[in-house]
Amino acid sequence: MGTLEVRNLVKDFRVGHGLRRSRLRAVDDVSFTLEAGKTVALVGESGSGKSTVARTLARLETPSSGEILLDGRPVSGSRNALRAYRHEVQMVFQDPFASLNPFHPVAHHLERPIRLHGLERNREGVTARVHELLERVQLTPAETYAAKRPHEMSGGQRQRVAIARALAPGARFLVADEPVSMLDVSIRLGVLNLLARLQREENLGVLYITHDLATARHFSDEILVMYRGQVVERGPSDRVILDPQHEYTKTLLAAAPDPARHGRLRDEVRAELAAS
Amino acid sequence: MSEPVLTARGVSIEYRTAPVVRAVRDVSLTLHRGEILGLAGESGCGKTTFAYGLTRLLKPPAVLTSGEIVFHDRGGEDIDVTALDGDALRAFRWDKVSMVFQGAMNSLNPVITVRAQIDDVLTTHRPGMPRAERAERAAELLRLVDVDPSRLDSYAHQLSGGMRQRVMIAMALALEPQVMIMDEPTTALDVVVQRGILREIMRLRERLGFAVVFITHDLPLLIEISDRIAVMLEGAIVELDTAENLYERPQHAYTQRLLESFPSLTGERGDFVRTGEAAGPVVRAPASDDQAAATPALEGTA
Ligand SMILES: Nc1ncnc2c1ncn2[C@@H]1O[C@H](COP(=O)(O)OP(=O)(O)OP(=O)(O)O)[C@@H](O)[C@H]1O
Ligand SMILES: Nc1ncnc2c1ncn2[C@@H]1O[C@H](COP(=O)(O)OP(=O)(O)OP(=O)(O)O)[C@@H](O)[C@H]1O
Ligand SMILES: [Mg+2]
Ligand SMILES: [Mg+2]
């Protein structure tokens with residue numbers, strides 16, 4: 001059973017300059033463990049440190065203190081170790097507009113990991129794999145999307161390319177930062193079910209960062225709630241959503257959009273203004 | 001309903017690529033002064049392309065193949081948006097109509113501070129405004145979107161995704177335009193912050209009377225904030241109604257399915273959720289009832 005563990009992670013950033021220079025603690029003593037075949041959802045306040053945790057897991061940020069352990073061992077900084085790590089731990093970045101190279105067609109983005117892994121020897125094989133990946137994220141007809149460049153696609157389409165790229169063969173963990181935030185509900189559920197299937201068939205461990213509390217509940221085993229750099233609540237997903245303990249979690253749940261209260265926000269504001 | 005502020009008639013837009021993508025097909029839409037109009041629809045259906053058409057931001061290979069877009073200025077003057085160019089076009093954007101881009105996270109200038117960027121908009125469009133007033137305005141704008149004014153000295157990469165989105169919303173508010181087009185403006189915001197900002201926008205629109213086109217795939221959110229909602233499917237608007245009607249009595253099969261397929265936050269787990277089966281449900285305009293029956297995964301949602 002593989003694990004990817006974040007232990008007592010602290011990340012400070014230096015901000016400002018000159019006399020206004022100060023330190024910002026973006027992540028403040030966060031610990032959790034991803035297990036093969038399980039999904040942990042990370043939800044919480046905008047700016048609370050979720051992406052910083054993800055970027056540290058992707059080894060794009062170095063911890064100020066604390067460590068990242070793969071199967072219980074720290075990962076060495078050597079190029080080879082890093083390359084192997086990046087293959088085993090795949091990443092979907094929060095911003096699909098920035099994370100895809102605009103000069104390369106979609107096919108190029110998806111072929112690389114397949115070739116690197118040496119899974120397919122000939123062109124046809126690689127192309128077939130690429131098409132399969134595109135179909136999995138519902139970008140069909142696959143030939144059309146394979147030939148497009150990222151800027152020729154809509155926001156949600158780019159997001160799906162980023163996901164397809166991370167579904168590389170041989171990956172053991174997936175760190176997905178808001179992977180479906182621009183997808184409408186049907187495609188969103190489709191993609192999440194795809195991840196659920198990979199989890200079952202390939203024992204993938206997933207960190208799912210999201211602002212969508214409903215899918216956090218339904219698609220993860222455990223939920224962590226972050227607020228101002230700290231994990232303020234954690235537990236089995238049904239428990240956290242149905243019986244929240246921390247004040248922030250309660251506030252968060254109360255603010256979730258609910259069609260049954262339609263027009264509420266609009267009318268509330270009107271009523272407030274009329275009263276004042 | 002109040003008078004119109006922006007009218008689109010028969011707008012069609014194509015990407016002249018191989019194959020040609022007919023992204024927007026014969027869309028007519030009237031936006032009224034002070035109205036919040038929601039625009040919903042599945043990924044790739046043409047929402048962003050339509051928004052770019054409204055603000056004349058289309059770049060080749062995109063071509064507006066037909067239709068007219070008229071802006072009805074506060075003074076009573078009608079402006080043919082499709083005929084604008086040069087300075088008139090620049091003044092129109094931001095000043096009369098502002099836009100929050102999808103991927104706003106990535107549209108801040110990476111090499112100058114947030115302060116310099118807001119200042120840039122103000123000096124360009126409000127040349128007479130004294131420096132101290134601009135500084136005060138910049139701080140005020142950030143407070144509106146719940147970002148600490150100390151962040152004025154930050155660069156984009158020092159902000160979280162949601163903070164960047166909020167800065168872009170603040171910039172769209174900067175010149176108090178008559179129309180704001182917001183394309184997926186809150187994808188990186190937690191629901192508490194999101195609600196706070198939407199509340200602020202709604203307060204401002206009561207005071208200033210601007211209209212908003214709010215584009216998102218998040219139908220529950222739209223139902224809470226919109227006066228009317230347009231649902232787009234494969235480039236065309238298939239349903240347009242008040243938020244109440246659309247929620248209570250959705251007419252189009254596609255709208256009905258969109259509403260049905262939201263997983264409930266606190267209710268039962270719909271049995272289609274986390275099945276890990278196939279590619280999951282696909283919502284399409286059904287050609288027939290048979291086809292509707294072929295996607296049973298969408299039924300029975302809690
Ligand atoms: N490179 C950096 N330099 C300085 N500050 C940074 C840097 N990266 C992130 N921060 C700060 O760290 C904090 C956490 O940011 P992070 O991006 O992790 O938040 P988040 O939880 O992902 O938020 P969101 O939901 O808005 O995406 C924020 O205050 C942010 O401004
Ligand atoms: N530059 C381009 N060249 C060719 N096709 C394009 C280009 N830009 C967008 N498209 C296509 O036009 C269609 C409409 O795209 P658009 O960005 O308007 O969709 P959208 O409704 O905003 O979707 P999303 O919700 O995913 O952002 C999509 O099928 C997209 O692939
Ligand atoms: Mg983030
Ligand atoms: Mg779009």
# chains A, B, ... in the order shown; residues from 1 in each chain; ligands from 1

call {"tool": "residues_near_ligand", "arguments": {"ligand": "ligand 1", "cutoff": "9 Å", "atoms": "only C-alpha atoms and all ligand atoms", "output": "PyMOL selection string"}}
result
(chain A and resi 11-16+23-27+43-55+61+94+177-178+209-211+226-229) or (chain B and resi 151+154-165+187-190)

call {"tool": "residues_near_ligand", "arguments": {"ligand": "ligand 4", "cutoff": "9 Å", "atoms": "only C-alpha atoms and all ligand atoms", "output": "list of chain:residue names"}}
result
A:Met153, A:Ser154, A:Gly155, A:Gly156, A:Gln157, A:Met182, B:Ser43, B:Gly44, B:Cys45, B:Gly46, B:Lys47, B:Thr48, B:Thr49, B:Ala51, B:Phe101, B:Gln102, B:Gly103, B:Asp183, B:Glu184, B:Ile215, B:Thr216

call {"tool": "write_last_selection", "arguments": {"atoms": "all heavy atoms", "output": "short mmCIF file (atom, residue, chain, number, x, y, z; two decimals), in the first residue's frame"}}
result
data_model
loop_
_atom_site.label_atom_id
_atom_site.label_comp_id
_atom_site.auth_asym_id
_atom_site.auth_seq_id
_atom_site.Cartn_x
_atom_site.Cartn_y
_atom_site.Cartn_z
N MET A 153 -9.39 26.49 -27.63
CA MET A 153 -10.39 25.72 -26.89
C MET A 153 -11.02 26.59 -25.82
O MET A 153 -10.45 27.57 -25.37
CB MET A 153 -9.72 24.52 -26.23
CG MET A 153 -8.93 23.69 -27.20
SD MET A 153 -8.18 22.31 -26.36
CE MET A 153 -9.46 21.15 -26.52
N SER A 154 -12.20 26.17 -25.39
CA SER A 154 -12.88 26.89 -24.32
C SER A 154 -12.21 26.56 -22.98
O SER A 154 -11.40 25.64 -22.89
CB SER A 154 -14.35 26.50 -24.29
OG SER A 154 -14.52 25.26 -23.66
N GLY A 155 -12.57 27.33 -21.94
CA GLY A 155 -11.97 27.15 -20.63
C GLY A 155 -12.14 25.73 -20.10
O GLY A 155 -11.18 25.10 -19.64
N GLY A 156 -13.36 25.23 -20.19
CA GLY A 156 -13.62 23.89 -19.68
C GLY A 156 -12.92 22.82 -20.51
O GLY A 156 -12.52 21.77 -19.99
N GLN A 157 -12.77 23.08 -21.80
CA GLN A 157 -12.06 22.12 -22.65
C GLN A 157 -10.58 22.06 -22.26
O GLN A 157 -9.98 20.99 -22.19
CB GLN A 157 -12.23 22.49 -24.12
CG GLN A 157 -13.67 22.24 -24.61
CD GLN A 157 -13.98 22.87 -25.96
OE1 GLN A 157 -13.25 23.76 -26.44
NE2 GLN A 157 -15.07 22.45 -26.58
N MET A 182 -14.45 24.72 -14.02
CA MET A 182 -15.12 25.36 -15.15
C MET A 182 -16.00 24.40 -15.94
O MET A 182 -16.39 24.69 -17.05
CB MET A 182 -14.08 25.96 -16.11
CG MET A 182 -13.37 27.15 -15.53
SD MET A 182 -12.11 27.68 -16.68
CE MET A 182 -11.00 28.51 -15.55
N SER B 43 -19.87 23.17 -21.16
CA SER B 43 -18.54 23.56 -21.61
C SER B 43 -18.44 23.49 -23.13
O SER B 43 -18.80 22.49 -23.73
CB SER B 43 -17.53 22.61 -20.96
OG SER B 43 -16.26 22.82 -21.49
N GLY B 44 -17.97 24.58 -23.74
CA GLY B 44 -17.77 24.60 -25.18
C GLY B 44 -19.00 25.01 -25.98
O GLY B 44 -18.98 24.95 -27.21
N CYS B 45 -20.07 25.46 -25.32
CA CYS B 45 -21.30 25.76 -26.06
C CYS B 45 -21.27 27.14 -26.70
O CYS B 45 -22.17 27.48 -27.47
CB CYS B 45 -22.53 25.60 -25.17
SG CYS B 45 -22.69 26.92 -23.95
N GLY B 46 -20.28 27.98 -26.39
CA GLY B 46 -20.17 29.26 -27.07
C GLY B 46 -20.36 30.49 -26.20
O GLY B 46 -20.44 31.61 -26.72
N LYS B 47 -20.37 30.33 -24.89
CA LYS B 47 -20.63 31.46 -24.00
C LYS B 47 -19.54 32.53 -24.10
O LYS B 47 -19.83 33.71 -24.25
CB LYS B 47 -20.72 30.97 -22.54
CG LYS B 47 -21.78 29.90 -22.31
CD LYS B 47 -21.82 29.43 -20.87
CE LYS B 47 -20.58 28.70 -20.37
NZ LYS B 47 -20.30 27.42 -21.05
N THR B 48 -18.29 32.10 -24.00
CA THR B 48 -17.20 33.07 -24.05
C THR B 48 -17.13 33.74 -25.41
O THR B 48 -16.93 34.94 -25.53
CB THR B 48 -15.86 32.36 -23.73
OG1 THR B 48 -15.93 31.84 -22.40
CG2 THR B 48 -14.69 33.31 -23.83
N THR B 49 -17.33 32.96 -26.45
CA THR B 49 -17.29 33.51 -27.80
C THR B 49 -18.36 34.60 -27.96
O THR B 49 -18.10 35.68 -28.51
CB THR B 49 -17.54 32.40 -28.84
OG1 THR B 49 -16.62 31.33 -28.59
CG2 THR B 49 -17.36 32.91 -30.25
N ALA B 51 -19.66 36.41 -25.55
CA ALA B 51 -19.25 37.57 -24.74
C ALA B 51 -18.19 38.39 -25.48
O ALA B 51 -18.22 39.62 -25.47
CB ALA B 51 -18.70 37.09 -23.39
N PHE B 101 -12.57 38.46 -17.55
CA PHE B 101 -12.32 37.33 -18.43
C PHE B 101 -12.31 36.01 -17.69
O PHE B 101 -11.88 35.94 -16.54
CB PHE B 101 -10.96 37.49 -19.12
CG PHE B 101 -10.92 38.66 -20.04
CD1 PHE B 101 -10.38 39.86 -19.62
CD2 PHE B 101 -11.46 38.58 -21.31
CE1 PHE B 101 -10.35 40.96 -20.45
CE2 PHE B 101 -11.44 39.67 -22.15
CZ PHE B 101 -10.88 40.87 -21.72
N GLN B 102 -12.74 34.99 -18.40
CA GLN B 102 -12.56 33.63 -17.88
C GLN B 102 -11.05 33.40 -17.84
O GLN B 102 -10.33 33.83 -18.73
CB GLN B 102 -13.21 32.64 -18.84
CG GLN B 102 -13.19 31.22 -18.35
CD GLN B 102 -13.93 30.29 -19.30
OE1 GLN B 102 -14.13 30.61 -20.46
NE2 GLN B 102 -14.33 29.14 -18.80
N GLY B 103 -10.59 32.74 -16.79
CA GLY B 103 -9.14 32.64 -16.68
C GLY B 103 -8.57 33.97 -16.23
O GLY B 103 -7.42 34.31 -16.50
N ASP B 183 -17.26 36.53 -16.97
CA ASP B 183 -17.19 35.19 -17.53
C ASP B 183 -16.56 34.26 -16.49
O ASP B 183 -15.36 34.33 -16.24
CB ASP B 183 -16.34 35.24 -18.81
CG ASP B 183 -16.47 33.97 -19.63
OD1 ASP B 183 -17.15 33.02 -19.18
OD2 ASP B 183 -15.88 33.93 -20.73
N GLU B 184 -17.34 33.41 -15.88
CA GLU B 184 -16.85 32.50 -14.83
C GLU B 184 -15.98 33.26 -13.83
O GLU B 184 -14.84 32.87 -13.59
CB GLU B 184 -16.03 31.37 -15.45
CG GLU B 184 -16.78 30.51 -16.45
CD GLU B 184 -17.59 29.39 -15.80
OE1 GLU B 184 -17.78 29.42 -14.56
OE2 GLU B 184 -18.04 28.51 -16.54
N ILE B 215 -21.79 34.90 -16.67
CA ILE B 215 -21.63 33.62 -17.36
C ILE B 215 -21.08 32.58 -16.39
O ILE B 215 -20.05 32.80 -15.76
CB ILE B 215 -20.66 33.77 -18.54
CG1 ILE B 215 -21.17 34.83 -19.52
CG2 ILE B 215 -20.44 32.43 -19.23
CD1 ILE B 215 -20.23 35.12 -20.67
N THR B 216 -21.76 31.48 -16.27
CA THR B 216 -21.23 30.39 -15.45
C THR B 216 -21.95 29.10 -15.78
O THR B 216 -23.05 29.10 -16.32
CB THR B 216 -21.38 30.69 -13.95
OG1 THR B 216 -20.89 29.57 -13.21
CG2 THR B 216 -22.82 30.92 -13.56
#

call {"tool": "residues_around", "arguments": {"residues": "Val137 of chain A", "least_positions_apart": "4", "cutoff": "10 Å", "atoms": "only C-alpha atoms", "output": "PyMOL selection string"}}
result
(chain A and resi 132-133+142+157+159-164+187-188+190-192+194) or (chain B and resi 279-280)

call {"tool": "write_last_selection", "arguments": {"atoms": "N, CA and C atoms", "output": "tab-separated table (two decimals), in the first residue's frame"}}
result
chain	number	residue	atom	x	y	z
A	132	GLU	N	-7.76	7.90	-26.96
A	132	GLU	CA	-8.47	7.26	-25.85
A	132	GLU	C	-8.57	8.22	-24.66
A	133	LEU	N	-7.46	8.91	-24.39
A	133	LEU	CA	-7.47	9.87	-23.27
A	133	LEU	C	-8.49	10.97	-23.51
A	142	ALA	N	-12.21	12.97	-31.03
A	142	ALA	CA	-10.86	13.09	-30.50
A	142	ALA	C	-9.86	13.65	-31.52
A	157	GLN	N	-12.77	23.08	-21.80
A	157	GLN	CA	-12.06	22.12	-22.65
A	157	GLN	C	-10.58	22.06	-22.26
A	159	GLN	N	-9.40	22.69	-19.35
A	159	GLN	CA	-9.32	22.02	-18.07
A	159	GLN	C	-9.29	20.50	-18.27
A	160	ARG	N	-10.06	20.03	-19.24
A	160	ARG	CA	-10.09	18.59	-19.49
A	160	ARG	C	-8.79	18.09	-20.11
A	161	VAL	N	-8.14	18.93	-20.90
A	161	VAL	CA	-6.84	18.53	-21.44
A	161	VAL	C	-5.85	18.37	-20.29
A	162	ALA	N	-5.90	19.31	-19.34
A	162	ALA	CA	-5.00	19.23	-18.20
A	162	ALA	C	-5.24	17.95	-17.41
A	163	ILE	N	-6.49	17.55	-17.30
A	163	ILE	CA	-6.79	16.31	-16.58
A	163	ILE	C	-6.29	15.11	-17.38
A	164	ALA	N	-6.56	15.10	-18.67
A	164	ALA	CA	-6.13	13.98	-19.51
A	164	ALA	C	-4.61	13.80	-19.43
A	187	ILE	N	-20.50	17.11	-17.24
A	187	ILE	CA	-19.13	16.74	-17.55
A	187	ILE	C	-18.32	16.61	-16.27
A	188	ARG	N	-18.62	17.47	-15.31
A	188	ARG	CA	-17.95	17.40	-14.03
A	188	ARG	C	-18.13	16.02	-13.39
A	190	GLY	N	-18.91	13.34	-14.91
A	190	GLY	CA	-18.25	12.36	-15.77
A	190	GLY	C	-16.76	12.26	-15.43
A	191	VAL	N	-16.11	13.40	-15.30
A	191	VAL	CA	-14.68	13.40	-15.01
A	191	VAL	C	-14.41	12.82	-13.63
A	192	LEU	N	-15.24	13.19	-12.66
A	192	LEU	CA	-15.02	12.67	-11.31
A	192	LEU	C	-15.25	11.16	-11.25
A	194	LEU	N	-14.68	9.22	-13.72
A	194	LEU	CA	-13.50	8.65	-14.36
A	194	LEU	C	-12.38	8.48	-13.33
B	279	ALA	N	-17.88	6.76	-18.72
B	279	ALA	CA	-17.39	8.12	-18.71
B	279	ALA	C	-18.36	9.02	-17.97
B	280	GLY	N	-19.41	8.45	-17.43
B	280	GLY	CA	-20.38	9.25	-16.70
B	280	GLY	C	-21.43	9.82	-17.63

call {"tool": "interface_residues", "arguments": {"of": "chain A", "to": "chain B", "cutoff": "6 Å", "atoms": "only C-alpha atoms", "output": "compact mmCIF listing (two decimals) with all heavy atoms, in the first residue's frame"}}
result
# COMPACT_ATOMS: atom_id res chain seq x y z
N GLU A 45 -11.19 28.30 2.60
CA GLU A 45 -11.20 29.70 2.23
C GLU A 45 -10.26 29.99 1.06
O GLU A 45 -9.20 29.39 0.96
CB GLU A 45 -10.71 30.48 3.46
CG GLU A 45 -11.06 31.91 3.49
CD GLU A 45 -10.23 32.64 4.55
OE1 GLU A 45 -9.19 32.13 4.99
OE2 GLU A 45 -10.65 33.74 4.92
N SER A 46 -10.68 30.91 0.21
CA SER A 46 -9.78 31.39 -0.83
C SER A 46 -8.59 32.06 -0.15
O SER A 46 -8.75 32.92 0.72
CB SER A 46 -10.52 32.41 -1.70
OG SER A 46 -9.61 33.08 -2.54
N GLY A 47 -7.38 31.63 -0.53
CA GLY A 47 -6.18 32.19 0.08
C GLY A 47 -5.74 31.47 1.34
O GLY A 47 -4.81 31.92 2.02
N SER A 154 -12.20 26.17 -25.39
CA SER A 154 -12.88 26.89 -24.32
C SER A 154 -12.21 26.56 -22.98
O SER A 154 -11.40 25.64 -22.89
CB SER A 154 -14.35 26.50 -24.29
OG SER A 154 -14.52 25.26 -23.66
N GLY A 156 -13.36 25.23 -20.19
CA GLY A 156 -13.62 23.89 -19.68
C GLY A 156 -12.92 22.82 -20.51
O GLY A 156 -12.52 21.77 -19.99
N SER A 181 -13.45 23.08 -12.01
CA SER A 181 -14.17 24.30 -11.63
C SER A 181 -14.89 24.98 -12.79
O SER A 181 -15.82 25.74 -12.59
CB SER A 181 -13.21 25.30 -10.97
OG SER A 181 -12.24 25.71 -11.90
N LEU A 183 -16.27 23.26 -15.35
CA LEU A 183 -17.07 22.28 -16.09
C LEU A 183 -18.50 22.27 -15.58
O LEU A 183 -18.75 22.33 -14.39
CB LEU A 183 -16.46 20.90 -15.94
CG LEU A 183 -15.04 20.77 -16.48
CD1 LEU A 183 -14.51 19.36 -16.28
CD2 LEU A 183 -14.99 21.15 -17.94
N ASP A 184 -19.43 22.18 -16.52
CA ASP A 184 -20.82 22.09 -16.12
C ASP A 184 -21.04 20.74 -15.46
O ASP A 184 -20.25 19.82 -15.58
CB ASP A 184 -21.73 22.28 -17.33
CG ASP A 184 -21.35 21.35 -18.43
OD1 ASP A 184 -20.33 21.62 -19.09
OD2 ASP A 184 -22.02 20.33 -18.62
N SER A 186 -22.73 18.01 -15.77
CA SER A 186 -22.71 16.67 -16.36
C SER A 186 -21.29 16.22 -16.65
O SER A 186 -20.89 15.10 -16.33
CB SER A 186 -23.54 16.64 -17.64
OG SER A 186 -22.96 17.46 -18.62
N GLY A 190 -18.91 13.34 -14.91
CA GLY A 190 -18.25 12.36 -15.77
C GLY A 190 -16.76 12.26 -15.43
O GLY A 190 -16.22 11.16 -15.28
N ASN A 193 -16.21 10.69 -12.03
CA ASN A 193 -16.42 9.25 -12.07
C ASN A 193 -15.25 8.54 -12.75
O ASN A 193 -14.91 7.41 -12.39
CB ASN A 193 -17.73 8.91 -12.77
CG ASN A 193 -18.84 8.72 -11.76
OD1 ASN A 193 -18.61 8.17 -10.69
ND2 ASN A 193 -20.03 9.19 -12.08
N LEU A 194 -14.68 9.22 -13.72
CA LEU A 194 -13.50 8.65 -14.36
C LEU A 194 -12.38 8.48 -13.33
O LEU A 194 -11.73 7.43 -13.26
CB LEU A 194 -13.07 9.58 -15.50
CG LEU A 194 -11.73 9.30 -16.15
CD1 LEU A 194 -11.76 7.95 -16.83
CD2 LEU A 194 -11.40 10.40 -17.16
N ALA A 196 -12.79 8.18 -10.16
CA ALA A 196 -13.20 7.13 -9.23
C ALA A 196 -12.90 5.75 -9.81
O ALA A 196 -12.50 4.82 -9.11
CB ALA A 196 -14.69 7.27 -8.92
N ARG A 197 -13.07 5.65 -11.13
CA ARG A 197 -12.79 4.35 -11.75
C ARG A 197 -11.30 4.04 -11.73
O ARG A 197 -10.88 2.93 -11.42
CB ARG A 197 -13.31 4.33 -13.18
CG ARG A 197 -13.29 2.94 -13.76
CD ARG A 197 -13.90 2.89 -15.13
NE ARG A 197 -12.89 3.05 -16.15
CZ ARG A 197 -13.16 3.47 -17.39
NH1 ARG A 197 -14.39 3.80 -17.72
NH2 ARG A 197 -12.21 3.57 -18.26
N HIS A 211 -13.79 23.98 -4.45
CA HIS A 211 -14.73 24.83 -3.71
C HIS A 211 -16.14 24.23 -3.78
O HIS A 211 -17.08 24.79 -3.24
CB HIS A 211 -14.74 26.24 -4.29
CG HIS A 211 -13.52 27.02 -3.95
ND1 HIS A 211 -13.15 27.30 -2.66
CD2 HIS A 211 -12.56 27.56 -4.73
CE1 HIS A 211 -12.02 27.99 -2.66
NE2 HIS A 211 -11.64 28.15 -3.91
N ALA A 214 -20.43 19.86 -2.59
CA ALA A 214 -21.24 18.66 -2.87
C ALA A 214 -20.37 17.56 -3.47
O ALA A 214 -20.42 16.40 -3.04
CB ALA A 214 -22.40 19.00 -3.80
N PHE A 219 -17.45 12.51 -3.62
CA PHE A 219 -16.35 11.84 -4.32
C PHE A 219 -15.11 11.64 -3.47
O PHE A 219 -14.06 11.30 -3.99
CB PHE A 219 -15.99 12.61 -5.59
CG PHE A 219 -16.97 12.37 -6.70
CD1 PHE A 219 -18.09 13.18 -6.83
CD2 PHE A 219 -16.81 11.31 -7.57
CE1 PHE A 219 -19.01 12.94 -7.83
CE2 PHE A 219 -17.73 11.07 -8.57
CZ PHE A 219 -18.83 11.89 -8.71
N LEU A 252 -19.22 28.02 6.00
CA LEU A 252 -19.01 27.62 4.61
C LEU A 252 -20.24 26.86 4.09
O LEU A 252 -20.76 27.15 3.01
CB LEU A 252 -17.77 26.72 4.56
CG LEU A 252 -17.12 26.45 3.22
CD1 LEU A 252 -16.66 27.75 2.58
CD2 LEU A 252 -15.92 25.52 3.41
N ALA A 255 -23.27 28.92 3.28
CA ALA A 255 -23.19 29.83 2.14
C ALA A 255 -23.31 29.11 0.79
O ALA A 255 -23.36 29.76 -0.25
CB ALA A 255 -21.88 30.61 2.19
N ALA A 256 -23.37 27.80 0.78
CA ALA A 256 -23.42 27.07 -0.49
C ALA A 256 -24.69 27.43 -1.26
O ALA A 256 -25.77 27.49 -0.66
CB ALA A 256 -23.37 25.57 -0.24
N PRO A 257 -24.58 27.69 -2.57
CA PRO A 257 -25.76 28.03 -3.36
C PRO A 257 -26.79 26.90 -3.29
O PRO A 257 -26.43 25.73 -3.28
CB PRO A 257 -25.24 28.18 -4.78
CG PRO A 257 -23.78 28.34 -4.66
CD PRO A 257 -23.37 27.65 -3.40
N ASP A 258 -28.02 27.28 -3.23
CA ASP A 258 -29.07 26.28 -3.11
C ASP A 258 -30.27 26.73 -3.94
O ASP A 258 -30.89 27.74 -3.65
CB ASP A 258 -29.46 26.16 -1.63
CG ASP A 258 -30.56 25.13 -1.43
OD1 ASP A 258 -31.10 24.61 -2.43
OD2 ASP A 258 -30.87 24.85 -0.25
N PRO A 259 -30.58 25.98 -4.99
CA PRO A 259 -31.67 26.40 -5.89
C PRO A 259 -33.00 26.52 -5.16
O PRO A 259 -33.86 27.29 -5.55
CB PRO A 259 -31.74 25.29 -6.93
CG PRO A 259 -30.57 24.42 -6.71
CD PRO A 259 -29.98 24.72 -5.38
N HIS A 262 -34.09 30.05 -4.35
CA HIS A 262 -33.84 30.87 -5.53
C HIS A 262 -34.26 32.32 -5.32
O HIS A 262 -35.22 32.63 -4.65
CB HIS A 262 -34.56 30.31 -6.74
CG HIS A 262 -36.04 30.16 -6.54
ND1 HIS A 262 -36.92 31.14 -6.85
CD2 HIS A 262 -36.75 29.16 -6.00
CE1 HIS A 262 -38.14 30.73 -6.55
NE2 HIS A 262 -38.05 29.53 -6.02
N GLY A 263 -33.47 33.20 -5.93
CA GLY A 263 -33.76 34.62 -5.82
C GLY A 263 -33.43 35.16 -4.45
O GLY A 263 -33.59 36.33 -4.17
N ARG A 264 -32.95 34.29 -3.57
CA ARG A 264 -32.77 34.70 -2.20
C ARG A 264 -31.78 35.85 -2.06
O ARG A 264 -32.09 36.87 -1.48
CB ARG A 264 -32.29 33.51 -1.38
CG ARG A 264 -32.43 33.74 0.09
CD ARG A 264 -31.74 32.66 0.84
NE ARG A 264 -30.32 32.68 0.52
CZ ARG A 264 -29.43 31.99 1.19
NH1 ARG A 264 -29.82 31.19 2.15
NH2 ARG A 264 -28.17 32.05 0.88
N LEU A 265 -30.59 35.61 -2.61
CA LEU A 265 -29.55 36.61 -2.45
C LEU A 265 -30.00 37.95 -3.05
O LEU A 265 -29.84 39.00 -2.46
CB LEU A 265 -28.28 36.10 -3.13
CG LEU A 265 -27.01 36.86 -2.83
CD1 LEU A 265 -26.80 37.00 -1.34
CD2 LEU A 265 -25.83 36.13 -3.46
N ARG A 266 -30.59 37.86 -4.23
CA ARG A 266 -31.04 39.06 -4.91
C ARG A 266 -32.08 39.80 -4.06
O ARG A 266 -32.00 41.00 -3.84
CB ARG A 266 -31.66 38.63 -6.25
CG ARG A 266 -31.87 39.73 -7.22
CD ARG A 266 -32.69 39.22 -8.39
NE ARG A 266 -34.02 38.84 -7.95
CZ ARG A 266 -34.82 38.01 -8.62
NH1 ARG A 266 -34.42 37.44 -9.72
NH2 ARG A 266 -36.01 37.74 -8.17

call {"tool": "residues_around", "arguments": {"residues": "segment 230-233 of chain A", "least_positions_apart": "5", "cutoff": "7 Å", "atoms": "only C-alpha atoms", "output": "number ranges by chain"}}
result
A: 27-30, 224-225, 246

call {"tool": "write_last_selection", "arguments": {"atoms": "N, CA and C atoms", "output": "short mmCIF file (atom, residue, chain, number, x, y, z; two decimals), in the first residue's frame"}}
result
data_model
loop_
_atom_site.label_atom_id
_atom_site.label_comp_id
_atom_site.auth_asym_id
_atom_site.auth_seq_id
_atom_site.Cartn_x
_atom_site.Cartn_y
_atom_site.Cartn_z
N VAL A 27 1.04 28.37 4.84
CA VAL A 27 0.63 27.04 5.33
C VAL A 27 1.24 26.87 6.71
N ASP A 28 0.39 26.52 7.66
CA ASP A 28 0.80 26.54 9.05
C ASP A 28 0.59 25.18 9.71
N ASP A 29 1.60 24.35 9.63
CA ASP A 29 1.58 23.05 10.30
C ASP A 29 0.45 22.14 9.82
N VAL A 30 0.51 21.82 8.55
CA VAL A 30 -0.51 20.94 7.96
C VAL A 30 0.05 19.53 7.80
N LEU A 224 -10.72 17.62 4.35
CA LEU A 224 -9.97 18.52 5.21
C LEU A 224 -10.44 19.94 4.91
N VAL A 225 -10.70 20.71 5.93
CA VAL A 225 -11.14 22.10 5.73
C VAL A 225 -10.02 23.02 6.15
N HIS A 246 -16.50 22.77 13.33
CA HIS A 246 -15.83 24.06 13.42
C HIS A 246 -16.73 25.18 12.88
#
